[in-house]
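The structure appears right after this line, and notes come after that.
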Amino acid sequence: MDFNFSAIVDSKDFLLEGLKYSLTLTLFATFFGIVFGTLLALARLSSIKPLNLAASAYVNLFRSVPLLLVIFWFYILVPLISGVQVGADKSAYITFAIFEAAYFCEIIRAGIQSISRGQVSAGQAMGFTYAQNMRYVILPQAFRNVVPLLLTQTIILFQDTSLVYVVGATDLLGAASKIANRDYIPVEMYVTVAVIYFTISFVLSRLVKRLHTAIAVIR
Amino acid sequence: MGQYQWNWGIILEEVYGTGEYYYQWLITGLGWTVATALSAWVIALILGSLIGTVRTMPNKWLAGLATAYVELFRNIPLIVQLFLWFFVLPEVLPEQMGTWMKQDMPMPEFITAVIGLGLFTSARVAEQVRTGIMALPRGQRYAGQALGFTLGQTYRYVLLPMAFRIVIPPLTSEFMNVFKNSAVALAIGVTELTFQMRQITGEYAPGNPIEVMTMVSVIYLIMAFSVNRLMAFIERRAQVPGYISGGSK
């Protein structure tokens with residue numbers, strides 16, 4: 001058993017490139033997931049029946065199937081529908097934004113539902129339209145209530161990006177596995193990525209916990 | 001997309017040159033998915049309950065150790081954990097054991113997936129069980145002690161029966177997650193449902209991916225729904241009259 005950990009230093013550029021992709025994908029999916037998720041949450045809480053049903057169906061569908069399955073859906077469907085070979089790296093952006101929106105939707109919905117009815121009435125009494133009421137009264141409070149949950153979901157999302165490896169994308173795990181196969185150093189590579197994932201997720205989850213107590217104290 | 005040739009009957013067709021049918025492949029896949037998920041769930045439930053309970057114990061050392069376990073398994077992606085068990089563990093073990101794992105262990109992919117998924121899920125179950133115990137009023141613990149119960153008896157007869165009822169809803173989602181997460185086992189070669197789908201849409205019937213993907217998705221939906229109903233049934237049966245009202249009717 002002799003391990004060659006110096007090989008990691010040699011391949012650090014490629015690994016960093018992979019990590020950069022993982023982080024970009026995480027940020028992209030978080031941003032668009034929250035935007036779509038908010039719209040979905042509004043639709044789920046809307047009194048317009050068809051809108052409500054469509055949003056519920058969307059959310060329940062994506063929450064009932066494995067992310068891995070959805071990754072394959074879009075990997076196959078995007079080129080089929082668009083007629084362009086976009087490749088695994090790019091189709092993952094669409095996959096994650098669409099998939100994560102369902103999860104963010106449920107968090108944001110819980111946030112909106114935690115706001116007391118009186119706030120809605122107060123906004124209406126001020127003569128706000130629905131959009132104004134949401135924009136200035138409800139959503140700012142709702143988001144504030146669920147910031148820790150949204151951040152926790154982002155950490156889970158970061159870990160989930162490792163699944164794009166299965167369609168051959170070069171994320172952190174994908175990069176590590178390519179080097180592992182090329183230089184035949186699987187032990188060194190997989191231990192390294194495990195440590196990287198752990199460090200990032202652990203530190204972030206600690207920060208979220210701290211933020212959570214800070215917000216709780218203010219209230 | 002205009003010239004897509006729909007063929008919903010693809011599933012009943014024979015896989016070219018094998019004498020087998022596509023639906024047989026999907027059934028095999030379903031079998032492995034259910035076997036992996038259920039076996040992993042047994043590990044997760046037993047180990048998770050144990051570790052979650054230990055985290056609430058007065059002994060600081062034990063509780064700290066249990067917390068470390070949970071943090072370790074929660075902060076590494078499942079697929080990376082499976083790789084560690086499958087590719088790394090045999091190399092770092094003493095040579096004989098490593099060789100045995102690589103050559104003589106029966107069903108290496110399946111067993112690795114069950115253990116990996118089981119341990120991964122156990123950390124999540126532990127977190128839920130701990131939350132359930134913490135949600136009980138402090139008086140319950142004192143009441144047990146006042147009755148002269150030992151620590152073990154207090155947990156066994158007072159705290160855990162109530163805590164488990166409280167955590168049935170979050171455990172329901174974890175149980176559903178086990179089924180979904182079992183798809184990750186394809187990365188180490190378990191021929192479960194998503195693996196079969198990739199196989200069929202990739203090499204064997206690349207002309208009809210939408211039909212196959214739809215059917216596989218429907219199977220996952222049915223599984224999720226069944227687990228959900230099963231847990232709702234258990235929740236109803238376990239209800240303490242007039243104390244904790246069931247979440248789903």
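Residue numbers start at 1 in each chain; chains themselves are named A, B, ... in the order of the structure tokens; ligands are numbered from 1 in the order shown.
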
Per-residue nearest contacts chain B to chain A, cut-off 9 Å, using only C-alpha atoms, as CSV:
```
residue,atom,partner,partner_atom,distance
B:Met1,CA,A:Ile81,CA,5.4
B:Gly2,CA,A:Ile81,CA,9.0
B:Tyr4,CA,A:Leu80,CA,8.9
B:Glu71,CA,A:Phe202,CA,7.4
B:Leu72,CA,A:Phe198,CA,7.3
B:Phe73,CA,A:Phe198,CA,8.9
B:Arg74,CA,A:Phe198,CA,8.5
B:Asn75,CA,A:Phe198,CA,5.0
B:Ile76,CA,A:Phe198,CA,5.1
B:Pro77,CA,A:Gln159,CA,4.9
B:Leu78,CA,A:Gln159,CA,8.1
B:Ile79,CA,A:Leu163,CA,6.9
B:Val80,CA,A:Ala194,CA,6.4
B:Gln81,CA,A:Ala194,CA,7.6
B:Phe83,CA,A:Tyr190,CA,7.0
B:Leu84,CA,A:Tyr190,CA,6.5
B:Phe87,CA,A:Pro186,CA,6.7
B:Val88,CA,A:Val187,CA,4.9
B:Leu89,CA,A:Val187,CA,8.3
B:Glu91,CA,A:Val187,CA,7.2
B:Val92,CA,A:Met1,CA,7.2
B:Pro94,CA,A:Met1,CA,9.0
B:Glu95,CA,A:Met1,CA,8.4
B:Met176,CA,A:Ser64,CA,7.9
B:Asn177,CA,A:Pro66,CA,8.3
B:Phe179,CA,A:Pro66,CA,8.1
B:Lys180,CA,A:Pro66,CA,4.4
B:Asn181,CA,A:Pro66,CA,6.5
B:Ser182,CA,A:Pro66,CA,8.4
B:Ala183,CA,A:Leu68,CA,6.6
B:Val184,CA,A:Leu68,CA,6.9
B:Leu186,CA,A:Val166,CA,8.8
B:Ala187,CA,A:Val166,CA,6.8
B:Thr194,CA,A:Leu69,CA,6.4
B:Met197,CA,A:Leu69,CA,8.8
B:Arg198,CA,A:Phe72,CA,7.6
B:Thr201,CA,A:Ile76,CA,8.6
B:Pro209,CA,A:Ile76,CA,7.5
B:Ile210,CA,A:Leu77,CA,7.8
B:Met213,CA,A:Trp73,CA,7.0
B:Val216,CA,A:Leu69,CA,8.7
B:Ser217,CA,A:Val65,CA,6.5
B:Val218,CA,A:Val65,CA,8.7
B:Tyr220,CA,A:Val65,CA,5.8
B:Leu221,CA,A:Ser64,CA,5.7
B:Ile222,CA,A:Ser64,CA,9.0
B:Met223,CA,A:Ser64,CA,8.7
B:Ala224,CA,A:Ser64,CA,5.9
B:Phe225,CA,A:Ser64,CA,8.2
```

For the residues selected in the previous step, produce a file with C-alpha atoms as a compact mmCIF listing (two decimals), in the first residue's frame.
```txt
# COMPACT_ATOMS: atom_id res chain seq x y z
CA MET B 1 -38.56 16.64 -32.89
CA GLY B 2 -40.99 16.47 -35.82
CA TYR B 4 -40.04 11.32 -33.59
CA GLU B 71 -21.82 15.33 10.46
CA LEU B 72 -19.46 13.02 8.59
CA PHE B 73 -22.18 11.16 6.74
CA ARG B 74 -24.32 14.22 6.07
CA ASN B 75 -21.65 16.38 4.51
CA ILE B 76 -20.28 14.04 1.84
CA PRO B 77 -22.42 13.42 -1.27
CA LEU B 78 -23.93 9.93 -1.47
CA ILE B 79 -22.23 9.08 -4.75
CA VAL B 80 -18.82 9.96 -3.28
CA GLN B 81 -19.57 7.81 -0.23
CA PHE B 83 -17.12 5.37 -4.34
CA LEU B 84 -15.25 5.42 -1.03
CA PHE B 87 -13.08 1.76 -4.77
CA VAL B 88 -11.18 3.05 -1.75
CA LEU B 89 -12.00 0.73 1.16
CA GLU B 91 -7.32 -0.69 -1.12
CA VAL B 92 -6.77 0.66 2.37
CA PRO B 94 -5.23 -5.18 5.10
CA GLU B 95 -4.33 -6.93 1.88
CA MET B 176 -39.26 7.92 0.22
CA ASN B 177 -35.76 9.38 -0.15
CA PHE B 179 -36.11 4.76 -2.84
CA LYS B 180 -35.07 7.83 -4.81
CA ASN B 181 -31.46 7.70 -3.63
CA SER B 182 -31.17 4.02 -4.52
CA ALA B 183 -30.84 5.22 -8.13
CA VAL B 184 -27.34 6.47 -7.26
CA LEU B 186 -26.10 2.63 -10.67
CA ALA B 187 -22.79 4.51 -10.38
CA THR B 194 -32.55 3.85 -13.60
CA MET B 197 -33.43 2.83 -18.29
CA ARG B 198 -30.02 4.21 -19.18
CA THR B 201 -32.34 4.43 -23.95
CA PRO B 209 -36.29 7.28 -25.06
CA ILE B 210 -39.41 9.27 -24.18
CA MET B 213 -38.38 7.33 -19.51
CA VAL B 216 -39.79 4.40 -15.50
CA SER B 217 -40.90 7.73 -14.03
CA VAL B 218 -44.40 6.38 -13.50
CA TYR B 220 -41.04 5.74 -9.33
CA LEU B 221 -44.21 7.78 -8.78
CA ILE B 222 -46.13 4.64 -7.84
CA MET B 223 -43.38 3.62 -5.40
CA ALA B 224 -43.34 7.06 -3.77
CA PHE B 225 -47.12 7.02 -3.48
```

Item to complete: Find the residues around Gln128 in chain B up to 10 Å (only C-alpha atoms counted), leave out those fewer than 2 positions away in its own chain, and share them as a VMD selection string.
Response: chain B and resid 48 to 49 52 122 to 126 130 to 134 163 to 164 166 to 171 174

Keeping C-alpha atoms for every residue in the selection just given, could you write it to a file as a short mmCIF file (atom, residue, chain, number, x, y, z; two decimals), in the first residue's frame?
```cif
data_model
loop_
_atom_site.label_atom_id
_atom_site.label_comp_id
_atom_site.auth_asym_id
_atom_site.auth_seq_id
_atom_site.Cartn_x
_atom_site.Cartn_y
_atom_site.Cartn_z
CA GLY B 48 -30.24 5.90 12.95
CA SER B 49 -32.49 5.31 15.96
CA GLY B 52 -30.16 9.67 17.34
CA SER B 122 -28.90 6.50 9.05
CA ALA B 123 -27.35 9.93 9.67
CA ARG B 124 -30.56 11.56 8.44
CA VAL B 125 -32.77 9.24 10.47
CA ALA B 126 -30.61 9.95 13.54
CA ARG B 130 -33.00 13.33 17.94
CA THR B 131 -35.39 16.13 16.99
CA GLY B 132 -38.31 13.95 18.08
CA ILE B 133 -36.77 13.26 21.48
CA MET B 134 -35.85 16.92 21.96
CA ALA B 163 -40.65 10.43 20.06
CA PHE B 164 -41.17 7.86 17.31
CA ILE B 166 -43.75 12.50 16.51
CA VAL B 167 -41.17 11.71 13.83
CA ILE B 168 -43.34 9.53 11.60
CA PRO B 169 -43.95 12.36 9.08
CA PRO B 170 -40.25 13.24 8.62
CA LEU B 171 -39.38 9.54 8.57
CA GLU B 174 -36.67 9.74 4.52
#
```

Worksheet item: Tyr22 in chain B: which residues within 8 Å, counting only C-alpha atoms, same-chain residues fewer than 3 positions away excluded, as a ChimeraX atom specification?
Response: /B:10-15,25-26,200

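Here CA of Tyr204 in chain B and CA of Glu20 in chain B stand 12.0 Å from one another.
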
Worksheet item: Which residue, B:Val178, B:Ile27, B:Ile111, B:Ala63, has the smallest gap to Leu50 in chain B when you use only C-alpha atoms?
Response: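 Of B:Val178, B:Ile27, B:Ile111, B:Ala63, the one nearest Leu50 in chain B, counting only C-alpha atoms, is B:Ala63.
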
Worksheet entry | Close residues, Gly33 in chain A itself excluded, 6 Å, only C-alpha atoms, min 4 positions apart in chain, as an MDAnalysis selection string | chainID A and resid 29 37 97 100:101

Just-selected residues, C-alpha atoms written as a compact mmCIF listing (two decimals), in the first residue's frame:
```txt
# COMPACT_ATOMS: atom_id res chain seq x y z
CA ALA A 29 -29.40 26.54 -9.89
CA GLY A 37 -39.67 28.43 -6.96
CA ALA A 97 -32.76 24.90 -12.16
CA GLU A 100 -34.52 22.47 -7.55
CA ALA A 101 -37.37 24.91 -8.21
```

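CA of Pro161 in chain B to CA of Ala37 in chain B spans 25.1 Å [interatomic distance, one decimal].
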
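Residues with any atom within 10 Å of Thr154 in chain B, counting only C-alpha atoms and excluding same-chain neighbours fewer than 4 positions away, are Gln140, Arg141, Tyr142, Ala143, Gly144, Gln145, Ala146, Leu147, Gly148, Phe149, Thr150, Val158, Leu159 and Leu160 of chain B.
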
For the residues in that selection, give me C-alpha atoms as a PDB file, in the first residue's frame.
```pdb
ATOM      1  CA  GLN B 140     -41.187  13.459  30.620  1.00  0.00           C
ATOM      2  CA  ARG B 141     -37.561  12.581  31.303  1.00  0.00           C
ATOM      3  CA  TYR B 142     -37.858  13.735  34.919  1.00  0.00           C
ATOM      4  CA  ALA B 143     -41.093  11.804  35.321  1.00  0.00           C
ATOM      5  CA  GLY B 144     -39.309   8.639  34.250  1.00  0.00           C
ATOM      6  CA  GLN B 145     -36.480   9.286  36.682  1.00  0.00           C
ATOM      7  CA  ALA B 146     -38.918  10.107  39.484  1.00  0.00           C
ATOM      8  CA  LEU B 147     -40.545   6.713  38.946  1.00  0.00           C
ATOM      9  CA  GLY B 148     -37.157   5.131  39.630  1.00  0.00           C
ATOM     10  CA  PHE B 149     -36.512   4.104  36.005  1.00  0.00           C
ATOM     11  CA  THR B 150     -32.946   3.646  34.905  1.00  0.00           C
ATOM     12  CA  VAL B 158     -41.236   6.923  28.262  1.00  0.00           C
ATOM     13  CA  LEU B 159     -39.267   8.888  25.686  1.00  0.00           C
ATOM     14  CA  LEU B 160     -38.900   6.705  22.602  1.00  0.00           C
TER      15      LEU B 160
END
```

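If only C-alpha atoms are the atoms counted, then among A:His212, A:Tyr184, A:Gln124, A:Thr170 the closest residue to Phe14 in chain A is A:Thr170.
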
Discussion item. Taking 5 positions as the minimum chain separation for residues in the same chain, which residues sit within 9 Å of Ile94 in chain A when counting only C-alpha atoms? Answer as number ranges by chain.
Written reply: A: 29, 74, 78, 99

Output for the residues just chosen: N, CA and C atoms as a PDB file, in the first residue's frame:
```pdb
ATOM      1  N   ALA A  29     -28.169  27.269 -10.214  1.00  0.00           N
ATOM      2  CA  ALA A  29     -29.401  26.539  -9.889  1.00  0.00           C
ATOM      3  C   ALA A  29     -30.092  27.154  -8.677  1.00  0.00           C
ATOM      4  N   PHE A  74     -33.245  15.125 -19.013  1.00  0.00           N
ATOM      5  CA  PHE A  74     -32.857  16.333 -19.734  1.00  0.00           C
ATOM      6  C   PHE A  74     -31.637  16.096 -20.610  1.00  0.00           C
ATOM      7  N   VAL A  78     -33.138  17.390 -24.015  1.00  0.00           N
ATOM      8  CA  VAL A  78     -32.733  18.710 -24.514  1.00  0.00           C
ATOM      9  C   VAL A  78     -32.227  18.644 -25.963  1.00  0.00           C
ATOM     10  N   PHE A  99     -35.332  21.254 -11.552  1.00  0.00           N
ATOM     11  CA  PHE A  99     -35.552  20.288 -10.471  1.00  0.00           C
ATOM     12  C   PHE A  99     -35.591  20.988  -9.112  1.00  0.00           C
TER      13      PHE A  99
END
```

Worksheet item: Of the candidates A:Ser6, A:Thr129, A:Thr154, A:Thr38, which one gets nearest to Ile112 in chain A if we count only C-alpha atoms?
Response: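 Nearest to Ile112 in chain A: A:Thr38.
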
Worksheet item: Nearest to Pro140 in chain A among A:Ser47, A:Ile115, A:Leu172, A:Thr152, with distances taken over only C-alpha atoms: which residue is it?
Response: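 Answer, going by the shortest atom-to-atom distance: A:Ile115.
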